[in-house]
$ cat data.txt   # compact mmCIF, C-alpha atoms
# COMPACT_ATOMS: atom_id res chain seq x y z
CA MET R 1 34.77 50.48 -76.94
CA LYS R 2 38.32 49.43 -76.05
CA LYS R 3 39.67 46.19 -77.54
CA ALA R 4 40.81 43.28 -75.38
CA ILE R 5 42.76 40.07 -75.97
CA LEU R 6 42.37 36.71 -74.23
CA ALA R 7 45.40 34.42 -74.53
CA LEU R 8 45.49 30.82 -73.30
CA ALA R 9 48.52 28.76 -72.33
CA ASP R 10 47.77 26.33 -75.16
CA GLY R 11 48.35 29.12 -77.69
CA THR R 12 44.72 29.98 -78.43
CA VAL R 13 43.95 33.69 -78.78
CA PHE R 14 40.58 35.45 -78.81
CA GLU R 15 40.11 39.11 -79.69
CA GLY R 16 37.12 40.92 -78.25
CA LEU R 17 36.05 44.03 -76.39
CA SER R 18 36.91 45.22 -72.90
CA LEU R 19 34.47 44.45 -70.09
CA GLY R 20 34.86 46.16 -66.72
CA ALA R 21 38.20 47.70 -65.81
CA ALA R 22 41.12 48.33 -68.13
CA GLY R 23 44.34 46.43 -67.44
CA GLU R 24 45.28 42.74 -67.23
CA ALA R 25 43.99 39.66 -65.46
CA LEU R 26 46.13 36.53 -65.10
CA GLY R 27 44.36 33.44 -63.79
CA GLU R 28 43.33 29.83 -64.30
CA ILE R 29 40.48 29.84 -66.81
CA VAL R 30 37.35 27.83 -65.93
CA PHE R 31 33.73 27.80 -67.10
CA ASN R 32 30.44 28.04 -65.24
CA THR R 33 27.22 26.68 -66.77
CA ALA R 34 24.70 28.55 -64.58
CA MET R 35 22.10 30.56 -66.49
CA THR R 36 21.68 33.03 -63.60
CA GLY R 37 23.66 33.98 -60.52
CA TYR R 38 26.52 36.02 -61.95
CA GLN R 39 26.60 38.18 -58.80
CA GLU R 40 27.04 35.12 -56.59
CA VAL R 41 29.75 33.79 -58.92
CA LEU R 42 31.66 37.06 -58.92
CA THR R 43 31.62 37.36 -55.12
CA ASP R 44 32.27 33.71 -54.24
CA PRO R 45 35.75 33.60 -52.62
CA SER R 46 36.19 30.09 -54.04
CA TYR R 47 36.96 31.75 -57.40
CA LYS R 48 40.07 33.48 -56.10
CA GLY R 49 42.83 32.92 -58.67
CA GLN R 50 40.44 32.04 -61.50
CA THR R 51 39.10 33.72 -64.62
CA VAL R 52 35.51 32.65 -65.14
CA VAL R 53 33.78 32.05 -68.48
CA MET R 54 29.99 32.16 -68.27
CA THR R 55 28.59 29.73 -70.84
CA TYR R 56 25.11 31.28 -70.95
CA SER R 57 25.22 33.89 -73.69
CA GLN R 58 23.98 37.06 -71.98
CA GLN R 59 24.97 38.23 -68.51
CA GLY R 60 23.94 41.23 -66.43
CA ASN R 61 20.26 41.19 -67.43
CA TYR R 62 18.97 41.94 -63.92
CA GLY R 63 21.83 44.20 -62.88
CA ILE R 64 23.62 44.28 -59.54
CA ASN R 65 22.14 44.67 -56.07
CA GLN R 66 23.63 44.52 -52.58
CA GLU R 67 21.41 41.65 -51.39
CA ASP R 68 22.74 38.97 -53.75
CA ILE R 69 26.45 39.31 -53.09
CA GLU R 70 28.19 36.46 -51.23
CA SER R 71 31.09 38.36 -49.65
CA LEU R 72 32.48 41.86 -49.29
CA ARG R 73 33.72 42.12 -52.88
CA PRO R 74 34.28 40.19 -56.13
CA TRP R 75 37.11 37.63 -56.02
CA VAL R 76 37.39 36.43 -59.64
CA GLN R 77 40.64 37.27 -61.42
CA GLY R 78 38.84 37.98 -64.68
CA PHE R 79 35.35 37.67 -66.18
CA ILE R 80 34.36 36.51 -69.68
CA VAL R 81 30.91 36.73 -71.26
CA LYS R 82 29.48 36.55 -74.75
CA GLU R 83 27.29 39.63 -74.35
CA PRO R 84 26.88 41.94 -71.35
CA CYS R 85 23.51 43.60 -70.82
CA LEU R 86 24.04 47.36 -70.79
CA TYR R 87 20.51 48.20 -69.66
CA PRO R 88 19.44 45.78 -66.90
CA SER R 89 15.79 45.40 -66.01
CA SER R 90 14.92 44.59 -62.38
CA TRP R 91 13.31 46.54 -59.56
CA ARG R 92 16.19 45.38 -57.32
CA SER R 93 18.97 46.57 -59.63
CA ALA R 94 21.25 49.30 -58.29
CA GLU R 95 23.86 49.35 -61.09
CA ALA R 96 24.86 47.61 -64.31
CA LEU R 97 27.42 44.79 -64.52
CA GLN R 98 29.89 46.98 -66.46
CA GLY R 99 30.02 49.66 -63.79
CA TYR R 100 30.24 47.11 -60.98
CA LEU R 101 33.25 45.42 -62.56
CA GLN R 102 34.92 48.76 -63.19
CA ARG R 103 34.35 49.91 -59.61
CA HIS R 104 35.98 46.76 -58.26
CA HIS R 105 38.85 46.75 -60.80
CA ILE R 106 37.84 43.44 -62.40
CA VAL R 107 39.20 43.02 -65.94
CA GLY R 108 37.02 41.18 -68.42
CA ILE R 109 36.34 40.56 -72.09
CA HIS R 110 33.18 40.13 -74.15
CA GLY R 111 32.23 39.66 -77.77
CA ILE R 112 34.10 36.38 -78.20
CA ASP R 113 32.81 32.86 -78.93
CA THR R 114 32.38 31.61 -75.38
CA ARG R 115 31.06 28.23 -76.50
CA ALA R 116 34.19 27.58 -78.56
CA LEU R 117 36.25 28.70 -75.58
CA THR R 118 34.33 26.35 -73.28
CA ARG R 119 34.98 23.42 -75.61
CA ILE R 120 38.72 24.15 -75.48
CA ILE R 121 38.67 24.11 -71.67
CA ARG R 122 36.54 20.97 -71.61
CA ASP R 123 38.83 19.14 -74.06
CA LYS R 124 42.22 20.37 -72.82
CA GLY R 125 41.43 21.13 -69.18
CA ALA R 126 41.63 24.26 -67.06
CA MET R 127 44.79 26.21 -67.87
CA MET R 128 46.40 29.56 -67.19
CA SER R 129 45.20 32.53 -69.22
CA ILE R 130 45.57 36.29 -69.45
CA ILE R 131 43.14 39.03 -70.46
CA SER R 132 44.73 42.28 -71.52
CA THR R 133 43.44 45.64 -72.69
CA VAL R 134 46.92 47.20 -72.62
CA GLU R 135 49.07 44.86 -74.74
CA SER R 136 48.46 44.00 -78.39
CA ASP R 137 51.22 41.40 -78.81
CA ALA R 138 49.22 38.16 -78.65
CA ALA R 139 52.30 35.92 -78.87
CA HIS R 140 53.82 37.62 -75.84
CA LEU R 141 50.58 37.21 -73.89
CA VAL R 142 50.53 33.48 -74.70
CA LYS R 143 54.12 33.21 -73.48
CA ARG R 144 53.21 34.92 -70.21
CA ALA R 145 50.26 32.59 -69.70
CA ARG R 146 52.50 29.55 -70.30
CA GLU R 147 55.10 30.79 -67.86
CA ALA R 148 52.60 31.56 -65.10
CA GLY R 149 52.38 29.11 -62.23
CA GLY R 150 49.10 27.23 -61.74
CA LEU R 151 46.99 26.92 -58.60
CA VAL R 152 48.31 23.54 -57.43
CA GLY R 153 50.24 23.99 -54.21
CA VAL R 154 49.20 27.64 -53.77
CA ASP R 155 47.55 28.64 -50.49
CA LEU R 156 44.72 30.93 -51.59
CA VAL R 157 42.77 30.47 -48.35
CA LYS R 158 45.03 32.88 -46.48
CA GLU R 159 44.04 35.59 -48.97
CA VAL R 160 40.27 35.23 -48.54
CA THR R 161 39.76 34.22 -44.90
CA CYS R 162 38.55 36.75 -42.33
CA ARG R 163 41.16 38.50 -40.22
CA ALA R 164 39.29 38.19 -36.92
CA ALA R 165 36.37 36.22 -35.51
CA TYR R 166 32.85 37.62 -35.78
CA SER R 167 29.28 36.59 -34.96
CA TRP R 168 26.63 36.03 -37.62
CA ARG R 169 22.89 36.40 -36.92
CA GLU R 170 21.35 37.14 -40.34
CA SER R 171 18.89 34.54 -41.64
CA LEU R 172 17.34 33.75 -45.03
CA TRP R 173 15.82 36.25 -47.46
CA SER R 174 12.12 36.65 -48.21
CA LEU R 175 10.31 38.99 -50.58
CA ASP R 176 8.35 40.82 -47.88
CA ARG R 177 11.14 41.57 -45.40
CA GLY R 178 14.51 40.96 -47.06
CA TYR R 179 16.98 39.15 -44.79
CA GLY R 180 15.61 38.09 -41.43
CA LYS R 181 17.31 37.68 -38.07
CA ALA R 182 18.02 34.60 -35.98
CA ALA R 183 14.93 33.33 -34.16
CA GLU R 184 14.92 34.00 -30.44
CA GLU R 185 12.61 31.13 -29.52
CA GLY R 186 13.55 27.46 -29.53
CA LYS R 187 16.83 25.71 -28.86
CA ARG R 188 19.89 27.21 -30.52
CA TYR R 189 23.17 25.43 -31.19
CA LYS R 190 26.58 27.04 -30.81
CA VAL R 191 28.54 26.51 -34.03
CA ILE R 192 32.07 27.55 -34.92
CA ALA R 193 32.44 28.08 -38.67
CA TYR R 194 35.96 27.95 -40.11
CA ASP R 195 36.26 30.54 -42.85
CA PHE R 196 38.25 29.12 -45.76
CA GLY R 197 36.35 31.50 -48.07
CA ILE R 198 32.85 31.25 -46.69
CA LYS R 199 29.72 32.34 -48.56
CA ARG R 200 27.13 34.41 -46.73
CA ASN R 201 24.20 32.19 -47.69
CA ILE R 202 25.84 29.25 -45.94
CA LEU R 203 25.82 31.32 -42.76
CA ARG R 204 22.20 32.30 -43.33
CA ASN R 205 21.17 28.67 -43.75
CA LEU R 206 22.98 27.68 -40.57
CA THR R 207 21.22 30.50 -38.71
CA ALA R 208 17.82 29.54 -40.12
CA ALA R 209 18.39 25.92 -39.08
CA GLY R 210 18.89 26.92 -35.45
CA CYS R 211 22.59 27.74 -35.12
CA ASP R 212 24.24 30.67 -33.40
CA VAL R 213 27.33 31.03 -35.57
CA THR R 214 30.75 32.42 -34.79
CA VAL R 215 33.02 32.65 -37.83
CA VAL R 216 36.75 32.23 -37.20
CA PRO R 217 39.82 32.61 -39.45
CA ALA R 218 41.24 29.57 -41.20
CA HIS R 219 44.28 29.58 -38.89
CA ALA R 220 42.29 29.63 -35.62
CA PRO R 221 43.87 26.99 -33.31
CA ALA R 222 41.81 24.00 -32.28
CA GLU R 223 42.65 24.47 -28.61
CA MET R 224 41.08 27.94 -28.60
CA ILE R 225 37.93 26.62 -30.29
CA LEU R 226 37.61 23.66 -27.91
CA ASP R 227 37.83 26.06 -24.97
CA LEU R 228 34.67 27.73 -26.33
CA ASN R 229 32.92 24.33 -26.15
CA PRO R 230 30.78 24.63 -29.30
CA ASP R 231 28.06 22.14 -30.16
CA GLY R 232 29.50 21.65 -33.64
CA ILE R 233 32.21 22.63 -36.12
CA PHE R 234 31.47 23.80 -39.65
CA LEU R 235 34.11 23.76 -42.41
CA SER R 236 33.43 26.19 -45.25
CA ASN R 237 34.03 26.35 -48.96
CA GLY R 238 37.10 28.12 -50.29
CA PRO R 239 39.52 28.43 -53.21
CA GLY R 240 42.27 26.28 -54.63
CA ASP R 241 44.20 23.20 -53.64
CA PRO R 242 43.27 21.56 -50.30
CA ASP R 243 46.81 20.17 -49.99
CA ALA R 244 48.10 23.76 -49.94
CA VAL R 245 46.50 24.43 -46.53
CA PRO R 246 48.08 21.72 -44.33
CA TYR R 247 47.50 23.78 -41.19
CA ALA R 248 43.74 23.39 -41.70
CA LYS R 249 44.04 19.61 -41.96
CA GLU R 250 46.07 19.42 -38.74
CA THR R 251 43.54 21.62 -36.93
CA ILE R 252 40.55 19.54 -38.04
CA LYS R 253 42.23 16.35 -36.88
CA LYS R 254 41.94 17.64 -33.31
CA PHE R 255 38.14 17.90 -33.57
CA ILE R 256 37.57 14.36 -34.86
CA GLY R 257 35.88 12.30 -32.18
CA ARG R 258 35.28 15.36 -30.00
CA LYS R 259 32.73 17.43 -31.93
CA PRO R 260 30.14 16.94 -34.71
CA ILE R 261 31.57 18.23 -37.99
CA PHE R 262 29.91 19.35 -41.24
CA GLY R 263 31.96 20.38 -44.28
CA ILE R 264 31.09 21.92 -47.65
CA CYS R 265 33.28 21.98 -50.80
CA LEU R 266 36.86 22.81 -49.71
CA GLY R 267 35.75 21.96 -46.17
CA HIS R 268 34.74 18.52 -47.46
CA GLN R 269 38.16 18.06 -49.04
CA ILE R 270 40.09 19.23 -45.97
CA LEU R 271 38.00 16.94 -43.77
CA SER R 272 38.88 14.03 -46.07
CA LEU R 273 42.58 14.88 -45.73
CA ALA R 274 42.19 15.00 -41.95
CA LEU R 275 40.66 11.52 -42.07
CA GLY R 276 43.74 10.23 -43.88
CA GLY R 277 42.52 10.56 -47.46
CA LYS R 278 43.87 12.23 -50.59
CA THR R 279 42.50 14.62 -53.20
CA PHE R 280 43.20 15.07 -56.90
CA LYS R 281 42.70 17.84 -59.47
CA LEU R 282 39.86 17.41 -61.93
CA LYS R 283 40.42 18.11 -65.61
CA PHE R 284 38.09 21.11 -65.72
CA GLY R 285 36.07 20.81 -62.51
CA HIS R 286 32.38 21.24 -61.79
CA ARG R 287 30.98 24.77 -61.86
CA GLY R 288 27.34 25.62 -62.37
CA ALA R 289 23.86 25.35 -60.89
CA ASN R 290 22.74 22.22 -62.70
CA GLN R 291 24.93 19.31 -61.54
CA PRO R 292 23.02 16.05 -60.87
CA VAL R 293 23.96 14.31 -57.62
CA LYS R 294 22.51 11.04 -56.31
CA ASP R 295 21.89 10.48 -52.61
CA LEU R 296 22.85 6.83 -52.15
CA LYS R 297 20.77 6.50 -48.98
CA THR R 298 17.45 7.59 -50.48
CA GLY R 299 18.08 7.02 -54.18
CA LYS R 300 16.92 10.57 -54.90
CA VAL R 301 18.68 12.77 -57.44
CA GLU R 302 19.37 16.38 -56.44
CA ILE R 303 20.18 19.16 -58.87
CA THR R 304 22.98 21.09 -57.21
CA ALA R 305 25.13 24.20 -57.38
CA GLN R 306 28.85 23.42 -57.58
CA ASN R 307 32.19 25.20 -57.80
CA HIS R 308 35.30 23.08 -57.35
CA GLY R 309 38.36 21.94 -59.25
CA PHE R 310 39.52 19.15 -56.90
CA ALA R 311 37.85 15.94 -55.72
CA VAL R 312 38.30 13.33 -53.00
CA ASP R 313 39.93 9.98 -53.76
CA MET R 314 37.57 7.74 -51.82
CA ALA R 315 39.83 4.68 -51.97
CA SER R 316 42.50 6.61 -50.08
CA LEU R 317 40.24 6.84 -47.01
CA LYS R 318 40.55 3.06 -46.57
CA GLY R 319 37.18 2.56 -44.94
CA ALA R 320 37.33 5.51 -42.52
CA ALA R 321 34.27 6.97 -44.26
CA ARG R 322 31.52 5.84 -46.62
CA ILE R 323 30.22 7.55 -49.77
CA THR R 324 26.80 9.16 -49.37
CA HIS R 325 26.48 11.11 -52.66
CA VAL R 326 27.91 10.69 -56.17
CA ASN R 327 28.03 12.94 -59.22
CA LEU R 328 25.97 11.34 -61.98
CA ASN R 329 28.02 12.99 -64.73
CA ASP R 330 31.38 11.47 -63.82
CA GLN R 331 30.80 9.35 -60.68
CA THR R 332 33.12 11.45 -58.52
CA VAL R 333 32.52 11.65 -54.77
CA GLU R 334 29.98 14.31 -53.80
CA GLY R 335 29.41 13.39 -50.18
CA LEU R 336 30.73 11.20 -47.37
CA GLU R 337 30.13 10.36 -43.73
CA HIS R 338 32.29 8.82 -41.03
CA THR R 339 31.50 5.19 -40.36
CA GLU R 340 31.15 5.72 -36.60
CA LEU R 341 31.42 9.41 -35.63
CA PRO R 342 29.00 12.36 -36.20
CA ILE R 343 30.91 13.71 -39.18
CA PHE R 344 29.72 14.31 -42.75
CA SER R 345 30.48 16.54 -45.71
CA VAL R 346 29.44 17.32 -49.27
CA GLN R 347 31.38 18.53 -52.28
CA TYR R 348 28.52 20.65 -53.64
CA HIS R 349 26.78 23.79 -52.32
CA PRO R 350 23.49 23.13 -50.47
CA GLU R 351 23.12 26.82 -49.59
CA ALA R 352 21.69 27.29 -53.11
CA SER R 353 23.14 30.67 -53.94
CA PRO R 354 22.46 30.72 -56.77
CA GLY R 355 19.88 27.87 -56.57
CA PRO R 356 18.56 25.23 -56.75
CA HIS R 357 17.22 24.38 -53.28
CA ASP R 358 17.19 20.57 -53.43
CA SER R 359 19.91 20.09 -50.81
CA GLN R 360 18.98 22.49 -48.02
CA TYR R 361 17.99 19.53 -45.82
CA LEU R 362 21.68 19.04 -45.04
CA PHE R 363 21.69 21.99 -42.64
CA LYS R 364 18.92 20.33 -40.62
CA ARG R 365 20.91 17.09 -40.69
CA PHE R 366 23.79 18.93 -39.03
CA VAL R 367 21.45 20.34 -36.36
CA ASP R 368 19.94 16.89 -35.76
CA MET R 369 23.44 15.53 -35.31
CA MET R 370 24.21 18.14 -32.66
CA GLU R 371 20.87 17.45 -30.96
CA ARG R 372 21.70 13.76 -30.63
CA GLY R 373 24.96 14.79 -29.01
CA HIS R 374 22.95 16.41 -26.20
CA GLN R 375 20.83 13.32 -25.55
$ encode --input "data.txt" --output "structure tokens"
Amino acid sequence: MKKAILALADGTVFEGLSLGAAGEALGEIVFNTAMTGYQEVLTDPSYKGQTVVMTYSQQGNYGINQEDIESLRPWVQGFIVKEPCLYPSSWRSAEALQGYLQRHHIVGIHGIDTRALTRIIRDKGAMMSIISTVESDAAHLVKRAREAGGLVGVDLVKEVTCRAAYSWRESLWSLDRGYGKAAEEGKRYKVIAYDFGIKRNILRNLTAAGCDVTVVPAHAPAEMILDLNPDGIFLSNGPGDPDAVPYAKETIKKFIGRKPIFGICLGHQILSLALGGKTFKLKFGHRGANQPVKDLKTGKVEITAQNHGFAVDMASLKGAARITHVNLNDQTVEGLEHTELPIFSVQYHPEASPGPHDSQYLFKRFVDMMERGHQ
């Protein structure tokens, strides 16, 4: 099997074996602590620009299938695992992880000490890195990683957003029927979803909650959306620095006070900017399916899926919104709501893809908010 080198901007070098495609992958290195869900990680557009280290030792055990992907293709820059499973075992599996990565030209590395690598990222912070199967000069690779620009100030949304608006009617998955369709009975709510890098299971949850969803590109003008007279506006997840997409902030400002708004992840951050707040980059971010979040209204603790490298500075909002959820690991803001208007957002991923399902109630909260707007 072909050799591969991982070089970090801090000078650390790991030598391992090639995973996926041959070539090079330059990206910001981050770690994800989920034990399952590698398909959802690979195809989450929020990972654009990043090389992902999976901390759980073996990946690919249940193979790859078309039902568990979150977008049209993988978006990670590179992929790092301790040990890939060459012979997956699942009745849903259509191909192995190795072949899937090769087919989509994703460069990876395996056979290195991923726990030692994770400790470096945790202690020193996310940094630029390069995986190479074509160059053996480790010192030169380190130099290239050091010289590479980071993700701060880079608009990655424009690279992952849809090119044209489309309707979404697929609902949640079940074992007996696969993915269902939107219910025809009962009241439905017209929702415009801004695609900053949207995941499919968010759309499915909106549909299951009673929404007829139209997805629009990140640059869709507010005036055009208001002419459609939707019942609510949804702001999706997405990659990178929220300050690097100022056009999104200016658009969202025009909806405040006119439509109910619900934001997730990058959508939460952009909404906070539109309300006058600021964001900051976390040292190594939150990525995994096991992050504890406390709902300050109920006192309940939810175990959540997360993937973000920036957070909201609540003090900068100066009373325009109140905190609804906090991260119990580091006390960062995980949710907020406007003090007067039907607007709320969360930093984590209630669509639970991959799980857990503790936070799915938030989609109903959005629907309830739109219902009150009709009363």
$ closest_residue --input "data.txt" --among "R:Ala4, R:Ile343, R:Val191, R:Met127" --to "Gly23 of chain R" --atoms "all atoms listed in the file"
R:Ala4
$ closest_residue --input "data.txt" --among "R:Leu203, R:Ile252, R:Val142, R:Val245" --to "Ile225 of chain R" --atoms "only C-alpha atoms"
R:Ile252
$ closest_residue --input "data.txt" --among "R:Arg122, R:Lys187, R:Arg204, R:Arg322" --to "Ser167 of chain R" --atoms "all atoms listed in the file"
R:Arg204
$ atom_distance --input "data.txt" --atom1 "atom CA of Thr214 of chain R" --atom2 "atom CA of Ile198 of chain R"
12.1 Å
$ atom_distance --input "data.txt" --atom1 "atom CA of Arg177 of chain R" --atom2 "atom CA of Gly210 of chain R"
19.3 Å
$ residues_near_point --input "data.txt" --point "(45.0, 36.5, -71.3)" --cutoff "7 Å" --atoms "all atoms listed in the file" --output "compact mmCIF listing (two decimals) with C-alpha atoms, in the coordinates of the input"
# COMPACT_ATOMS: atom_id res chain seq x y z
CA ILE R 5 42.76 40.07 -75.97
CA LEU R 6 42.37 36.71 -74.23
CA ALA R 7 45.40 34.42 -74.53
CA LEU R 8 45.49 30.82 -73.30
CA ALA R 25 43.99 39.66 -65.46
CA LEU R 26 46.13 36.53 -65.10
CA SER R 129 45.20 32.53 -69.22
CA ILE R 130 45.57 36.29 -69.45
CA ILE R 131 43.14 39.03 -70.46
CA SER R 132 44.73 42.28 -71.52
CA LEU R 141 50.58 37.21 -73.89
CA ALA R 145 50.26 32.59 -69.70
$ residues_near_point --input "data.txt" --point "(18.1, 47.1, -71.3)" --cutoff "12 Å" --atoms "all atoms listed in the file" --output "compact mmCIF listing (two decimals) with C-alpha atoms, in the coordinates of the input"
# COMPACT_ATOMS: atom_id res chain seq x y z
CA GLN R 58 23.98 37.06 -71.98
CA GLN R 59 24.97 38.23 -68.51
CA GLY R 60 23.94 41.23 -66.43
CA ASN R 61 20.26 41.19 -67.43
CA TYR R 62 18.97 41.94 -63.92
CA GLY R 63 21.83 44.20 -62.88
CA PRO R 84 26.88 41.94 -71.35
CA CYS R 85 23.51 43.60 -70.82
CA LEU R 86 24.04 47.36 -70.79
CA TYR R 87 20.51 48.20 -69.66
CA PRO R 88 19.44 45.78 -66.90
CA SER R 89 15.79 45.40 -66.01
CA SER R 90 14.92 44.59 -62.38
CA SER R 93 18.97 46.57 -59.63
CA GLU R 95 23.86 49.35 -61.09
CA ALA R 96 24.86 47.61 -64.31
CA LEU R 97 27.42 44.79 -64.52
$ closest_residue --input "data.txt" --among "R:Ala208, R:Leu282, R:Val333, R:Met369" --to "Asp295 of chain R" --atoms "only C-alpha atoms"
R:Val333
$ atom_distance --input "data.txt" --atom1 "atom CA of Glu340 of chain R" --atom2 "atom CA of Ile323 of chain R"
13.3 Å
$ residues_around --input "data.txt" --residues "Lys281 of chain R" --least-positions-apart "3" --cutoff "9 Å" --atoms "all atoms listed in the file" --output "short mmCIF file (atom, residue, chain, number, x, y, z; two decimals) with C-alpha atoms, in the coordinates of the input"
data_model
loop_
_atom_site.label_atom_id
_atom_site.label_comp_id
_atom_site.auth_asym_id
_atom_site.auth_seq_id
_atom_site.Cartn_x
_atom_site.Cartn_y
_atom_site.Cartn_z
CA VAL R 152 48.31 23.54 -57.43
CA ASP R 241 44.20 23.20 -53.64
CA PHE R 284 38.09 21.11 -65.72
CA GLY R 285 36.07 20.81 -62.51
CA GLY R 309 38.36 21.94 -59.25
CA PHE R 310 39.52 19.15 -56.90
CA ALA R 311 37.85 15.94 -55.72
#
$ residues_around --input "data.txt" --residues "Val30 of chain R" --least-positions-apart "5" --cutoff "7 Å" --atoms "all atoms listed in the file" --output "compact mmCIF listing (two decimals) with C-alpha atoms, keeping the file's coordinate frame"
# COMPACT_ATOMS: atom_id res chain seq x y z
CA GLN R 50 40.44 32.04 -61.50
CA THR R 51 39.10 33.72 -64.62
CA VAL R 52 35.51 32.65 -65.14
CA VAL R 53 33.78 32.05 -68.48
CA ILE R 121 38.67 24.11 -71.67
CA ALA R 126 41.63 24.26 -67.06
CA PHE R 284 38.09 21.11 -65.72
$ closest_residue --input "data.txt" --among "R:Trp75, R:Phe31, R:Tyr56, R:Trp168" --to "Val213 of chain R" --atoms "only C-alpha atoms"
R:Trp168
$ closest_residue --input "data.txt" --among "R:Arg103, R:Lys82, R:Lys253, R:His308" --to "Gly276 of chain R" --atoms "only C-alpha atoms"
R:Lys253
$ residues_around --input "data.txt" --residues "Ala182 of chain R" --least-positions-apart "6" --cutoff "7 Å" --atoms "only C-alpha atoms" --output "list in words"
Arg169, Glu170, Ser171, Thr207 and Ala208 of chain R
$ residues_around --input "data.txt" --residues "Gly150 of chain R" --least-positions-apart "2" --cutoff "7 Å" --atoms "all atoms listed in the file" --output "VMD selection string"
chain R and resid 28 128 148 152
$ write_last_selection --input "data.txt" --atoms "C-alpha atoms" --output "PDB file, in the frame of the given file"
ATOM      1  CA  GLU R  28      43.330  29.830 -64.300  1.00  0.00           C
ATOM      2  CA  MET R 128      46.400  29.560 -67.190  1.00  0.00           C
ATOM      3  CA  ALA R 148      52.600  31.560 -65.100  1.00  0.00           C
ATOM      4  CA  VAL R 152      48.310  23.540 -57.430  1.00  0.00           C
TER       5      VAL R 152
END
$ build_atoms --input "data.txt" --residues "segment 338-351 of chain R" --atoms "N, CA and C atoms" --output "PDB file, in the frame of the given file"
ATOM      1  N   HIS R 338      31.439   9.706 -41.817  1.00  0.00           N
ATOM      2  CA  HIS R 338      32.290   8.820 -41.030  1.00  0.00           C
ATOM      3  C   HIS R 338      31.507   7.558 -40.692  1.00  0.00           C
ATOM      4  N   THR R 339      32.191   6.451 -40.621  1.00  0.00           N
ATOM      5  CA  THR R 339      31.500   5.190 -40.360  1.00  0.00           C
ATOM      6  C   THR R 339      30.995   5.062 -38.927  1.00  0.00           C
ATOM      7  N   GLU R 340      31.552   5.837 -38.001  1.00  0.00           N
ATOM      8  CA  GLU R 340      31.150   5.720 -36.600  1.00  0.00           C
ATOM      9  C   GLU R 340      30.831   7.070 -35.941  1.00  0.00           C
ATOM     10  N   LEU R 341      31.516   8.130 -36.321  1.00  0.00           N
ATOM     11  CA  LEU R 341      31.420   9.410 -35.630  1.00  0.00           C
ATOM     12  C   LEU R 341      30.440  10.358 -36.322  1.00  0.00           C
ATOM     13  N   PRO R 342      29.933  11.385 -35.618  1.00  0.00           N
ATOM     14  CA  PRO R 342      29.000  12.360 -36.200  1.00  0.00           C
ATOM     15  C   PRO R 342      29.730  13.370 -37.084  1.00  0.00           C
ATOM     16  N   ILE R 343      30.119  12.908 -38.237  1.00  0.00           N
ATOM     17  CA  ILE R 343      30.910  13.710 -39.180  1.00  0.00           C
ATOM     18  C   ILE R 343      30.394  13.433 -40.591  1.00  0.00           C
ATOM     19  N   PHE R 344      30.093  14.493 -41.343  1.00  0.00           N
ATOM     20  CA  PHE R 344      29.720  14.310 -42.750  1.00  0.00           C
ATOM     21  C   PHE R 344      30.084  15.560 -43.537  1.00  0.00           C
ATOM     22  N   SER R 345      30.115  15.419 -44.845  1.00  0.00           N
ATOM     23  CA  SER R 345      30.480  16.540 -45.710  1.00  0.00           C
ATOM     24  C   SER R 345      29.975  16.296 -47.111  1.00  0.00           C
ATOM     25  N   VAL R 346      29.844  17.404 -47.866  1.00  0.00           N
ATOM     26  CA  VAL R 346      29.440  17.320 -49.270  1.00  0.00           C
ATOM     27  C   VAL R 346      30.340  18.203 -50.115  1.00  0.00           C
ATOM     28  N   GLN R 347      30.521  17.783 -51.361  1.00  0.00           N
ATOM     29  CA  GLN R 347      31.380  18.530 -52.280  1.00  0.00           C
ATOM     30  C   GLN R 347      30.631  19.708 -52.907  1.00  0.00           C
ATOM     31  N   TYR R 348      29.318  19.615 -52.966  1.00  0.00           N
ATOM     32  CA  TYR R 348      28.520  20.650 -53.640  1.00  0.00           C
ATOM     33  C   TYR R 348      28.046  21.704 -52.646  1.00  0.00           C
ATOM     34  N   HIS R 349      27.170  22.624 -53.121  1.00  0.00           N
ATOM     35  CA  HIS R 349      26.780  23.790 -52.320  1.00  0.00           C
ATOM     36  C   HIS R 349      25.280  23.755 -51.989  1.00  0.00           C
ATOM     37  N   PRO R 350      24.913  23.208 -50.832  1.00  0.00           N
ATOM     38  CA  PRO R 350      23.490  23.130 -50.470  1.00  0.00           C
ATOM     39  C   PRO R 350      22.868  24.463 -50.098  1.00  0.00           C
ATOM     40  N   GLU R 351      23.683  25.507 -49.931  1.00  0.00           N
ATOM     41  CA  GLU R 351      23.120  26.820 -49.590  1.00  0.00           C
ATOM     42  C   GLU R 351      22.358  27.454 -50.745  1.00  0.00           C
TER      43      GLU R 351
END
